[in-house]
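What's in target.cif: mmCIF, C-alpha atoms
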data_my_file
loop_
_atom_site.label_atom_id
_atom_site.label_comp_id
_atom_site.auth_asym_id
_atom_site.auth_seq_id
_atom_site.Cartn_x
_atom_site.Cartn_y
_atom_site.Cartn_z
CA ASN A 1 127.34 92.66 68.82
CA ALA A 2 129.15 95.98 68.32
CA GLY A 3 126.09 97.93 67.11
CA VAL A 4 127.06 100.96 65.02
CA THR A 5 130.75 101.80 64.80
CA GLN A 6 132.34 104.94 63.37
CA THR A 7 135.93 105.84 62.56
CA PRO A 8 137.79 108.02 63.11
CA LYS A 9 136.67 109.54 66.41
CA PHE A 10 138.44 112.85 65.73
CA GLN A 11 139.80 114.38 62.54
CA VAL A 12 141.40 117.67 61.57
CA LEU A 13 141.50 118.62 57.87
CA LYS A 14 142.72 121.55 55.90
CA THR A 15 140.39 123.34 53.51
CA GLY A 16 140.23 121.48 50.22
CA GLN A 17 141.27 118.09 51.55
CA SER A 18 139.05 115.07 51.08
CA MET A 19 138.35 112.24 53.44
CA THR A 20 135.97 109.37 54.16
CA LEU A 21 134.15 108.83 57.43
CA GLN A 22 133.54 105.15 58.00
CA CYS A 23 130.35 103.65 59.41
CA ALA A 24 129.46 100.01 59.93
CA GLN A 25 126.64 98.15 61.66
CA ASP A 26 126.26 94.47 62.52
CA MET A 27 122.50 94.40 63.16
CA ASN A 28 121.49 93.65 59.55
CA HIS A 29 119.50 96.88 59.35
CA GLU A 30 118.42 97.99 55.90
CA TYR A 31 118.06 101.70 56.73
CA MET A 32 121.14 103.78 57.52
CA SER A 33 121.68 107.51 57.70
CA TRP A 34 124.25 110.24 58.27
CA TYR A 35 123.61 113.34 60.36
CA ARG A 36 125.59 116.36 61.32
CA GLN A 37 125.09 118.03 64.69
CA ASP A 38 125.87 121.70 65.18
CA PRO A 39 125.16 123.87 68.24
CA GLY A 40 121.61 125.21 68.20
CA MET A 41 120.78 123.35 64.97
CA GLY A 42 119.84 119.94 66.30
CA LEU A 43 120.42 117.00 63.98
CA ARG A 44 120.37 117.53 60.24
CA LEU A 45 120.11 114.65 57.81
CA ILE A 46 122.84 114.55 55.18
CA HIS A 47 122.16 111.32 53.25
CA TYR A 48 120.33 108.10 53.89
CA SER A 49 119.98 104.63 52.42
CA VAL A 50 117.06 102.20 52.51
CA GLY A 51 119.19 99.25 51.44
CA ALA A 52 122.31 98.14 49.61
CA GLY A 53 122.67 99.98 46.32
CA ILE A 54 120.09 102.66 47.21
CA THR A 55 120.95 106.11 48.57
CA ASP A 56 119.14 109.43 48.70
CA GLN A 57 119.73 112.99 49.79
CA GLY A 58 118.65 114.47 53.08
CA GLU A 59 118.37 118.13 54.11
CA VAL A 60 122.02 119.14 53.72
CA PRO A 61 123.69 116.90 51.09
CA ASN A 62 125.93 119.46 49.38
CA GLY A 63 129.63 118.67 49.67
CA TYR A 64 129.05 115.06 50.71
CA ASN A 65 128.78 111.75 48.84
CA VAL A 66 127.70 108.33 50.03
CA SER A 67 127.56 104.80 48.67
CA ARG A 68 126.05 101.59 50.00
CA SER A 69 127.68 98.55 48.44
CA THR A 70 126.85 96.26 51.39
CA THR A 71 124.19 96.17 54.09
CA GLU A 72 126.86 96.67 56.78
CA ASP A 73 128.80 99.68 55.51
CA PHE A 74 127.75 103.24 54.74
CA PRO A 75 130.76 105.55 54.26
CA LEU A 76 130.43 109.33 53.99
CA ARG A 77 132.87 111.17 51.71
CA LEU A 78 133.80 114.81 51.99
CA LEU A 79 134.90 115.82 48.52
CA SER A 80 136.67 119.11 49.26
CA ALA A 81 136.47 120.07 52.91
CA ALA A 82 135.33 123.56 53.89
CA PRO A 83 135.30 125.26 57.33
CA SER A 84 131.47 125.14 57.20
CA GLN A 85 131.75 121.35 57.45
CA THR A 86 133.29 121.57 60.91
CA SER A 87 130.79 119.56 62.93
CA VAL A 88 130.07 116.34 64.76
CA TYR A 89 128.94 113.58 62.40
CA PHE A 90 126.73 110.70 63.46
CA CYS A 91 125.88 107.55 61.59
CA ALA A 92 122.72 105.66 62.52
CA SER A 93 120.87 102.52 61.49
CA SER A 94 117.21 101.75 62.02
CA ASP A 95 115.32 98.58 62.89
CA GLN A 96 111.96 97.57 61.44
CA ALA A 97 110.10 99.45 64.17
CA GLY A 98 111.80 102.72 63.24
CA SER A 99 114.08 102.98 66.26
CA GLN A 100 117.45 104.44 65.30
CA PHE A 101 120.77 103.28 66.75
CA PHE A 102 123.62 105.76 66.71
CA GLY A 103 127.36 105.46 66.47
CA PRO A 104 129.63 107.39 68.86
CA GLY A 105 130.28 110.19 66.38
CA THR A 106 133.20 111.74 64.52
CA ARG A 107 134.35 115.20 65.56
CA LEU A 108 135.63 116.96 62.45
CA THR A 109 137.47 120.27 62.34
CA VAL A 110 138.26 121.92 59.02
CA LEU A 111 140.88 124.66 59.19
CA GLY B 1 104.55 119.52 56.84
CA ASN B 2 105.82 117.37 59.68
CA SER B 3 107.60 119.04 62.57
CA VAL B 4 108.56 118.67 66.22
CA THR B 5 108.76 121.49 68.74
CA GLN B 6 110.51 121.08 72.07
CA MET B 7 110.75 123.46 74.97
CA GLU B 8 113.94 125.45 74.92
CA GLY B 9 116.61 124.80 77.47
CA PRO B 10 118.68 124.76 79.36
CA VAL B 11 116.64 123.26 82.16
CA THR B 12 118.36 123.28 85.55
CA LEU B 13 116.98 121.22 88.43
CA SER B 14 118.07 120.03 91.83
CA GLU B 15 118.42 116.33 92.48
CA GLU B 16 115.09 114.58 93.24
CA ALA B 17 113.06 117.33 91.53
CA PHE B 18 110.25 116.53 89.08
CA LEU B 19 111.09 116.86 85.40
CA THR B 20 108.86 117.74 82.47
CA ILE B 21 110.20 118.44 79.00
CA ASN B 22 107.46 119.48 76.61
CA CYS B 23 107.24 118.15 73.06
CA THR B 24 104.50 118.87 70.55
CA TYR B 25 104.29 117.74 66.97
CA THR B 26 102.62 118.34 63.64
CA ALA B 27 102.23 115.34 61.39
CA THR B 28 100.12 113.86 58.66
CA GLY B 29 98.98 110.33 59.21
CA TYR B 30 99.79 108.37 62.35
CA PRO B 31 103.35 109.01 63.52
CA SER B 32 105.47 107.02 65.91
CA LEU B 33 107.04 109.19 68.61
CA PHE B 34 110.43 108.86 70.25
CA TRP B 35 112.61 110.36 72.97
CA TYR B 36 116.37 110.08 72.60
CA VAL B 37 119.03 111.05 75.14
CA GLN B 38 122.58 112.24 74.43
CA TYR B 39 125.08 112.15 77.29
CA PRO B 40 128.12 114.44 77.01
CA GLY B 41 130.55 113.31 74.34
CA GLU B 42 128.39 110.41 73.19
CA GLY B 43 125.97 109.51 70.42
CA LEU B 44 122.20 109.51 70.88
CA GLN B 45 120.45 106.58 72.56
CA LEU B 46 116.80 105.65 72.31
CA LEU B 47 115.16 106.39 75.66
CA LEU B 48 111.55 105.43 74.96
CA LYS B 49 108.95 105.36 72.22
CA ALA B 50 105.23 105.08 71.53
CA THR B 51 103.65 103.95 68.29
CA LYS B 52 99.96 104.82 68.69
CA ALA B 53 97.65 107.17 70.53
CA ASP B 54 97.42 106.71 74.31
CA ASP B 55 100.50 104.47 74.38
CA LYS B 56 102.88 105.20 77.24
CA GLY B 57 106.58 104.66 76.71
CA SER B 58 108.77 104.20 79.77
CA ASN B 59 112.41 103.50 80.58
CA LYS B 60 114.84 104.30 83.42
CA GLY B 61 112.09 106.10 85.37
CA PHE B 62 111.19 108.32 82.41
CA GLU B 63 107.70 108.26 80.91
CA ALA B 64 105.89 109.86 78.00
CA THR B 65 102.31 109.41 76.81
CA TYR B 66 101.27 109.77 73.17
CA ARG B 67 98.39 112.31 73.25
CA LYS B 68 96.79 112.61 69.85
CA GLU B 69 94.19 115.14 71.01
CA THR B 70 96.88 117.61 72.08
CA THR B 71 99.55 116.36 69.61
CA SER B 72 102.00 116.05 72.48
CA PHE B 73 104.56 113.61 73.85
CA HIS B 74 105.90 115.26 77.00
CA LEU B 75 108.77 113.58 78.83
CA GLU B 76 108.47 113.23 82.62
CA LYS B 77 110.47 111.83 85.49
CA GLY B 78 109.41 111.92 89.10
CA SER B 79 112.84 112.31 90.70
CA VAL B 80 115.87 113.27 88.63
CA GLN B 81 119.45 112.34 89.42
CA VAL B 82 122.74 114.03 88.58
CA SER B 83 123.36 111.20 86.10
CA ASP B 84 120.29 112.33 84.10
CA SER B 85 122.18 115.46 82.99
CA ALA B 86 122.11 115.22 79.20
CA VAL B 87 120.43 116.58 76.09
CA TYR B 88 117.00 115.13 75.31
CA PHE B 89 115.58 114.97 71.78
CA CYS B 90 111.99 114.38 70.76
CA ALA B 91 111.43 112.87 67.30
CA LEU B 92 108.68 111.49 65.08
CA SER B 93 108.47 109.10 62.18
CA VAL B 94 105.70 109.03 59.59
CA SER B 95 107.65 107.41 56.81
CA PRO B 96 106.08 104.33 55.31
CA GLY B 97 107.81 101.16 54.25
CA ASN B 98 111.58 101.04 54.38
CA ASN B 99 112.12 104.75 54.72
CA ARG B 100 112.70 105.33 58.41
CA LYS B 101 113.44 109.03 58.39
CA LEU B 102 112.95 110.79 61.69
CA ILE B 103 111.89 114.40 62.16
CA TRP B 104 113.83 115.86 65.10
CA GLY B 105 113.28 118.53 67.69
CA LEU B 106 116.22 120.80 68.48
CA GLY B 107 116.95 119.16 71.82
CA THR B 108 116.59 120.30 75.43
CA SER B 109 119.61 120.42 77.67
CA LEU B 110 119.07 119.26 81.26
CA ALA B 111 121.49 119.94 84.10
CA VAL B 112 120.82 118.34 87.48
CA ASN B 113 122.66 119.76 90.47
CA PRO B 114 123.42 117.73 93.60
#
Please render this file's structure as structure tokens.
Amino acid sequence: NAGVTQTPKFQVLKTGQSMTLQCAQDMNHEYMSWYRQDPGMGLRLIHYSVGAGITDQGEVPNGYNVSRSTTEDFPLRLLSAAPSQTSVYFCASSDQAGSQFFGPGTRLTVL
Amino acid sequence: GNSVTQMEGPVTLSEEAFLTINCTYTATGYPSLFWYVQYPGEGLQLLLKATKADDKGSNKGFEATYRKETTSFHLEKGSVQVSDSAVYFCALSVSPGNNRKLIWGLGTSLAVNP
């Protein structure tokens, strides 16, 4: 049971490049979410999904897209990277009791 | 609206000292309350939780009691260790059904010195 996995662990992009952050979970959780973590800002919700085929925006969705074609996978796409998207990104899934399980994070730098 | 307020850090303690990290909340309905811990370079891990008033969550020597009358969920540990150095996040959930959104505090950094 791997829990929540994220790839890559580190990434450096140039402004304007696009990329996809991968997230997968093997706990059969319906709810998954993406956060970004910045110093002094806590965790901010980017997008979330309550099940396959259903996604919705969080607090800071601009510049990011998501899709949820399967229960296991919830990729996050950066359409055109900007320096303001330099951050640590966490994927999480939630059990029926509302407890969230986090991946190890992706540290993204946009130059 | 719903919100969580945590005491600001950093908190610096000596080993074996008593720890309290304050957390208060504002919520409609009957929230569940959580404490998460983030060790350096890692993702967040659930530390403990409580789902109704007067419940006490506990794990790894940490405790927190859900106090509806004071809308608080303070984290305590009787004797901290160097390995407890981390960032601690308080969170609440009021979302019904399948929507499991959490409302997060900003985190409190704890440093324990030997």
Find, counting all atoms listed in the file, the residue in A:Thr70, A:Asn65, A:Gln25, A:Gln17 that gets nearest to Val110 (chain A). A:Gln17
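Counting all atoms listed in the file, Val66 (chain A) has the following residues at most 12 Å away, ignoring those fewer than 5 positions along the same chain: Met19, Thr20, Leu21, Gln22, Cys23, Met32, Ser33, Trp34, Ile46, His47, Tyr48, Ser49, Ala52, Gly53, Ile54, Thr55, Asp56, Gln57, Gly58, Pro61, Asp73, Phe74, Pro75, Leu76, Arg77, Leu78, Leu79 and Cys91 of chain A.
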Could you please take those selected residues and save C-alpha atoms as a PDB file, keeping the file's coordinate frame?
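Generated output (selection.pdb):
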ATOM      1  CA  MET A  19     138.350 112.240  53.440  1.00  0.00           C
ATOM      2  CA  THR A  20     135.970 109.370  54.160  1.00  0.00           C
ATOM      3  CA  LEU A  21     134.150 108.830  57.430  1.00  0.00           C
ATOM      4  CA  GLN A  22     133.540 105.150  58.000  1.00  0.00           C
ATOM      5  CA  CYS A  23     130.350 103.650  59.410  1.00  0.00           C
ATOM      6  CA  MET A  32     121.140 103.780  57.520  1.00  0.00           C
ATOM      7  CA  SER A  33     121.680 107.510  57.700  1.00  0.00           C
ATOM      8  CA  TRP A  34     124.250 110.240  58.270  1.00  0.00           C
ATOM      9  CA  ILE A  46     122.840 114.550  55.180  1.00  0.00           C
ATOM     10  CA  HIS A  47     122.160 111.320  53.250  1.00  0.00           C
ATOM     11  CA  TYR A  48     120.330 108.100  53.890  1.00  0.00           C
ATOM     12  CA  SER A  49     119.980 104.630  52.420  1.00  0.00           C
ATOM     13  CA  ALA A  52     122.310  98.140  49.610  1.00  0.00           C
ATOM     14  CA  GLY A  53     122.670  99.980  46.320  1.00  0.00           C
ATOM     15  CA  ILE A  54     120.090 102.660  47.210  1.00  0.00           C
ATOM     16  CA  THR A  55     120.950 106.110  48.570  1.00  0.00           C
ATOM     17  CA  ASP A  56     119.140 109.430  48.700  1.00  0.00           C
ATOM     18  CA  GLN A  57     119.730 112.990  49.790  1.00  0.00           C
ATOM     19  CA  GLY A  58     118.650 114.470  53.080  1.00  0.00           C
ATOM     20  CA  PRO A  61     123.690 116.900  51.090  1.00  0.00           C
ATOM     21  CA  ASP A  73     128.800  99.680  55.510  1.00  0.00           C
ATOM     22  CA  PHE A  74     127.750 103.240  54.740  1.00  0.00           C
ATOM     23  CA  PRO A  75     130.760 105.550  54.260  1.00  0.00           C
ATOM     24  CA  LEU A  76     130.430 109.330  53.990  1.00  0.00           C
ATOM     25  CA  ARG A  77     132.870 111.170  51.710  1.00  0.00           C
ATOM     26  CA  LEU A  78     133.800 114.810  51.990  1.00  0.00           C
ATOM     27  CA  LEU A  79     134.900 115.820  48.520  1.00  0.00           C
ATOM     28  CA  CYS A  91     125.880 107.550  61.590  1.00  0.00           C
TER      29      CYS A  91
END
Shortest interatomic distance to His74 (chain B) - which of B:Ala27, B:Cys90, B:Leu44, B:Ile103, counting only C-alpha atoms: B:Cys90
Tell me which residues the PyMOL selection byres ((chain B) within 9 of (chain A)) grabs here, as JSON, numbers by chain. {"B": [32, 34, 41, 42, 43, 44, 45, 46, 49, 51, 89, 93, 95, 98, 99, 100, 101, 102, 104, 105, 106, 107]}
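In this structure, CA of Ser85 (chain B) sits 18.1 Å away from CA of Cys23 (chain B).
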Residue nearest Ser80 (chain A) - candidates A:Thr109, A:Leu13, A:Gln37, A:Ser67, atoms counted: only C-alpha atoms: A:Leu13
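Put simply, CA of Gln85 (chain A) is 16.9 Å away from CA of Thr7 (chain A).
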Do you know which residues the PyMOL selection byres ((chain B and resi 52-60) around 12) returns on this file, as a count of residues only? 42
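Once the PyMOL selection byres ((chain A and resi 82) around 8) is applied to the depicted file, the selected set reads A:Lys14, A:Thr15, A:Gly16, A:Ser80, A:Ala81, A:Pro83, A:Ser84, A:Gln85, A:Thr86, A:Val110, A:Leu111.
The gap separating CA of Val4 (chain B) from CA of Tyr25 (chain B) is 4.4 Å, in Å to one decimal.
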